[in-house]
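Asks: This structure is in structure tokens; I'll ask about it shortly.
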Amino acid sequence: MELNEYADMTVAEYQAMQAGPPILAPAEPAADEDLDSDVSIPYNSAALLAYDDWRATFNMGEFVETKFVVFEENYEIVTVANVSAKKSARKSGNAASLIELAADADTVAVEIDTNTPASPLQAALDALQAQDAAAGAIGDATAALAEEEQKLAKKLGLESVDELEEALDAMAGIAPDGGELDTTISREARVRSSYMEWCKEYGKETDESRFSTFSLNFLAMESYAKDNGKTMQLNKYADCSEEEYIALTSGAKT
């Protein structure tokens, strides 16, 4: 007896590979044919048997038609995929990697990864390229951040990014040596930070000639809000002196 290349397949696997999922239902028996003597095998008998085994394995209970429809589609997909995997394994001499139907096979559609696994060398090369790309992206991001920091430092009238970092530390109450910052310096940094946010909110350009007025108003309002348990609200007149505020709100000229 001579065995061909399909000797390790089940009937269902062989049929799936040769013809794919059936699309025609069995022919109706003739009118004069004795229905009780019908010994034909249902076209989806393999799927029905597999469904019975699967329900027993996962203790799924009784047969449910709607769920069987989903299971049958998954069964056919997995069967074809496994046949293909076995055929490829015979050609390569490697063990076949087969797919098994999980506990959700009657509710969730199976997705088959059709990508061919890369060789160890190719996988290493791909990993190296990804690493280089990531390093390049980090380098670009670092350069962009440094450029933005330089622009911000220049806008604030600082000579370098180092001075900007010292200012940011000052806002957090940290001295250049890492110790606790003098409260006067910390307060200056806090007010300047609020001034920048205020300018951004009201579409104004930072102006050192008006910052001193803003600072006096800010500290006064901050003290009042703290003493009275209120939230401080800065309006568009926060950089105005009392005279300027009266002139702007009354229409008088200074």
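As shown in the structure tokens, the chain order sets the letters A, B, ...; within each chain, residues go from 1, and ligands are also counted from 1 in the order they appear.
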Region 59-249 of chain A: which residues are alpha helix (DSSP H) by DSSP, as a VMD selection string?

Replies: chain A and resid 65 to 92 120 to 155 161 to 171 183 to 201 208 to 228 242 to 249

Asks: Please produce an output containing C-alpha atoms for each residue in the selection, written as a CSV table (one decimal), in the first residue's frame.

Replies:
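As written to disk, result.csv reads:
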```csv
chain,number,residue,atom,x,y,z
A,65,GLU,CA,-28.4,27.0,16.2
A,66,THR,CA,-27.4,30.6,16.1
A,67,LYS,CA,-24.2,29.9,18.0
A,68,PHE,CA,-23.5,26.9,15.8
A,69,VAL,CA,-23.5,29.2,12.7
A,70,VAL,CA,-20.6,31.2,14.2
A,71,PHE,CA,-18.8,28.1,15.3
A,72,GLU,CA,-19.1,26.5,11.9
A,73,GLU,CA,-17.6,29.4,10.2
A,74,ASN,CA,-14.7,29.4,12.7
A,75,TYR,CA,-14.3,25.6,12.3
A,76,GLU,CA,-14.0,25.9,8.5
A,77,ILE,CA,-11.5,28.8,8.8
A,78,VAL,CA,-9.3,26.9,11.3
A,79,THR,CA,-9.5,23.6,9.4
A,80,VAL,CA,-8.3,25.2,6.2
A,81,ALA,CA,-5.5,27.0,8.1
A,82,ASN,CA,-4.4,23.8,9.8
A,83,VAL,CA,-4.4,21.9,6.5
A,84,SER,CA,-2.2,24.6,5.0
A,85,ALA,CA,0.1,24.6,8.0
A,86,LYS,CA,0.6,20.8,7.8
A,87,LYS,CA,1.3,21.0,4.1
A,88,SER,CA,3.9,23.7,4.7
A,89,ALA,CA,5.4,21.7,7.6
A,90,ARG,CA,5.9,18.6,5.4
A,91,LYS,CA,7.7,20.7,2.8
A,92,SER,CA,10.0,22.4,5.3
A,120,PRO,CA,15.8,34.8,13.4
A,121,LEU,CA,18.3,36.9,11.3
A,122,GLN,CA,15.5,38.9,9.7
A,123,ALA,CA,13.8,39.4,13.1
A,124,ALA,CA,17.1,40.6,14.6
A,125,LEU,CA,17.6,43.0,11.6
A,126,ASP,CA,14.0,44.3,12.0
A,127,ALA,CA,14.6,44.9,15.7
A,128,LEU,CA,17.8,46.7,15.0
A,129,GLN,CA,16.1,49.0,12.5
A,130,ALA,CA,13.3,49.7,14.9
A,131,GLN,CA,15.8,50.5,17.6
A,132,ASP,CA,17.7,52.9,15.3
A,133,ALA,CA,14.4,54.5,14.3
A,134,ALA,CA,13.4,55.0,17.9
A,135,ALA,CA,16.8,56.5,18.7
A,136,GLY,CA,16.5,58.8,15.8
A,137,ALA,CA,13.0,59.9,16.9
A,138,ILE,CA,14.2,60.5,20.5
A,139,GLY,CA,17.1,62.6,19.1
A,140,ASP,CA,14.8,64.7,16.9
A,141,ALA,CA,12.4,65.2,19.9
A,142,THR,CA,15.3,66.3,22.1
A,143,ALA,CA,16.6,68.7,19.5
A,144,ALA,CA,13.1,70.2,19.0
A,145,LEU,CA,12.7,70.5,22.8
A,146,ALA,CA,16.0,72.3,23.1
A,147,GLU,CA,15.0,74.7,20.3
A,148,GLU,CA,11.7,75.4,22.0
A,149,GLU,CA,13.4,76.0,25.4
A,150,GLN,CA,15.8,78.4,23.7
A,151,LYS,CA,12.9,80.3,22.1
A,152,LEU,CA,11.2,80.5,25.5
A,153,ALA,CA,14.3,81.7,27.3
A,154,LYS,CA,14.8,84.4,24.7
A,155,LYS,CA,11.2,85.5,25.0
A,161,VAL,CA,18.4,77.6,28.7
A,162,ASP,CA,20.3,77.2,31.9
A,163,GLU,CA,18.8,80.4,33.2
A,164,LEU,CA,15.4,79.2,32.1
A,165,GLU,CA,15.9,75.9,34.1
A,166,GLU,CA,16.9,78.0,37.1
A,167,ALA,CA,13.8,80.0,36.8
A,168,LEU,CA,11.7,76.8,36.6
A,169,ASP,CA,13.4,75.5,39.7
A,170,ALA,CA,12.7,78.8,41.4
A,171,MET,CA,9.0,78.4,40.7
A,183,THR,CA,11.2,83.0,49.5
A,184,THR,CA,11.7,86.4,47.8
A,185,ILE,CA,13.2,84.7,44.7
A,186,SER,CA,10.5,82.0,44.8
A,187,ARG,CA,7.8,84.7,44.9
A,188,GLU,CA,9.3,86.5,42.0
A,189,ALA,CA,9.3,83.3,39.9
A,190,ARG,CA,5.7,82.6,40.9
A,191,VAL,CA,4.5,86.1,39.9
A,192,ARG,CA,6.4,86.0,36.7
A,193,SER,CA,4.9,82.6,35.8
A,194,SER,CA,1.4,84.0,36.5
A,195,TYR,CA,2.2,87.0,34.4
A,196,MET,CA,3.1,84.8,31.4
A,197,GLU,CA,-0.1,82.9,31.8
A,198,TRP,CA,-2.1,86.1,32.1
A,199,CYS,CA,-0.5,87.5,28.9
A,200,LYS,CA,-1.3,84.4,27.1
A,201,GLU,CA,-5.0,84.3,28.3
A,208,GLU,CA,8.9,94.4,31.5
A,209,SER,CA,7.8,98.0,31.9
A,210,ARG,CA,4.3,96.8,33.0
A,211,PHE,CA,5.4,93.7,34.9
A,212,SER,CA,6.2,95.7,38.1
A,213,THR,CA,2.6,97.0,38.1
A,214,PHE,CA,1.2,93.6,37.5
A,215,SER,CA,3.4,92.2,40.3
A,216,LEU,CA,2.1,94.8,42.9
A,217,ASN,CA,-1.5,94.1,41.9
A,218,PHE,CA,-1.0,90.3,41.9
A,219,LEU,CA,0.6,90.2,45.4
A,220,ALA,CA,-2.1,92.5,46.7
A,221,MET,CA,-5.0,90.4,45.3
A,222,GLU,CA,-3.2,87.2,46.4
A,223,SER,CA,-3.0,88.5,49.9
A,224,TYR,CA,-6.7,89.6,49.9
A,225,ALA,CA,-7.9,86.3,48.5
A,226,LYS,CA,-5.9,84.3,51.1
A,227,ASP,CA,-7.1,86.4,54.0
A,228,ASN,CA,-10.7,86.2,53.0
A,242,GLU,CA,-5.2,102.7,39.8
A,243,GLU,CA,-5.1,105.8,37.6
A,244,GLU,CA,-5.0,103.8,34.4
A,245,TYR,CA,-7.8,101.6,35.6
A,246,ILE,CA,-10.0,104.6,36.4
A,247,ALA,CA,-9.2,106.2,33.0
A,248,LEU,CA,-10.0,103.0,31.1
A,249,THR,CA,-13.2,102.2,32.9
```

Asks: Smallest atom-to-atom distance to Thr57 (chain A): which of A:Ala102, A:Leu158, A:Ile112, A:Tyr202, using only C-alpha atoms?

Replies: A:Ala102

Asks: Just how far from CA of Ala46 (chain A) is CA of Ser97 (chain A), in Å to one decimal?

Replies: 21.5 Å

Asks: So what do you get for CA of Leu101 (chain A) versus CA of Asp53 (chain A), distance-wise?

Replies: 11.0 Å

Asks: I want to know what sits within 7 Å of region 58-63 of chain A, based on only C-alpha atoms, with residues of the same chain fewer than 3 positions away left out; could you give that as a ChimeraX atom specification?

Replies: /A:54-55,103
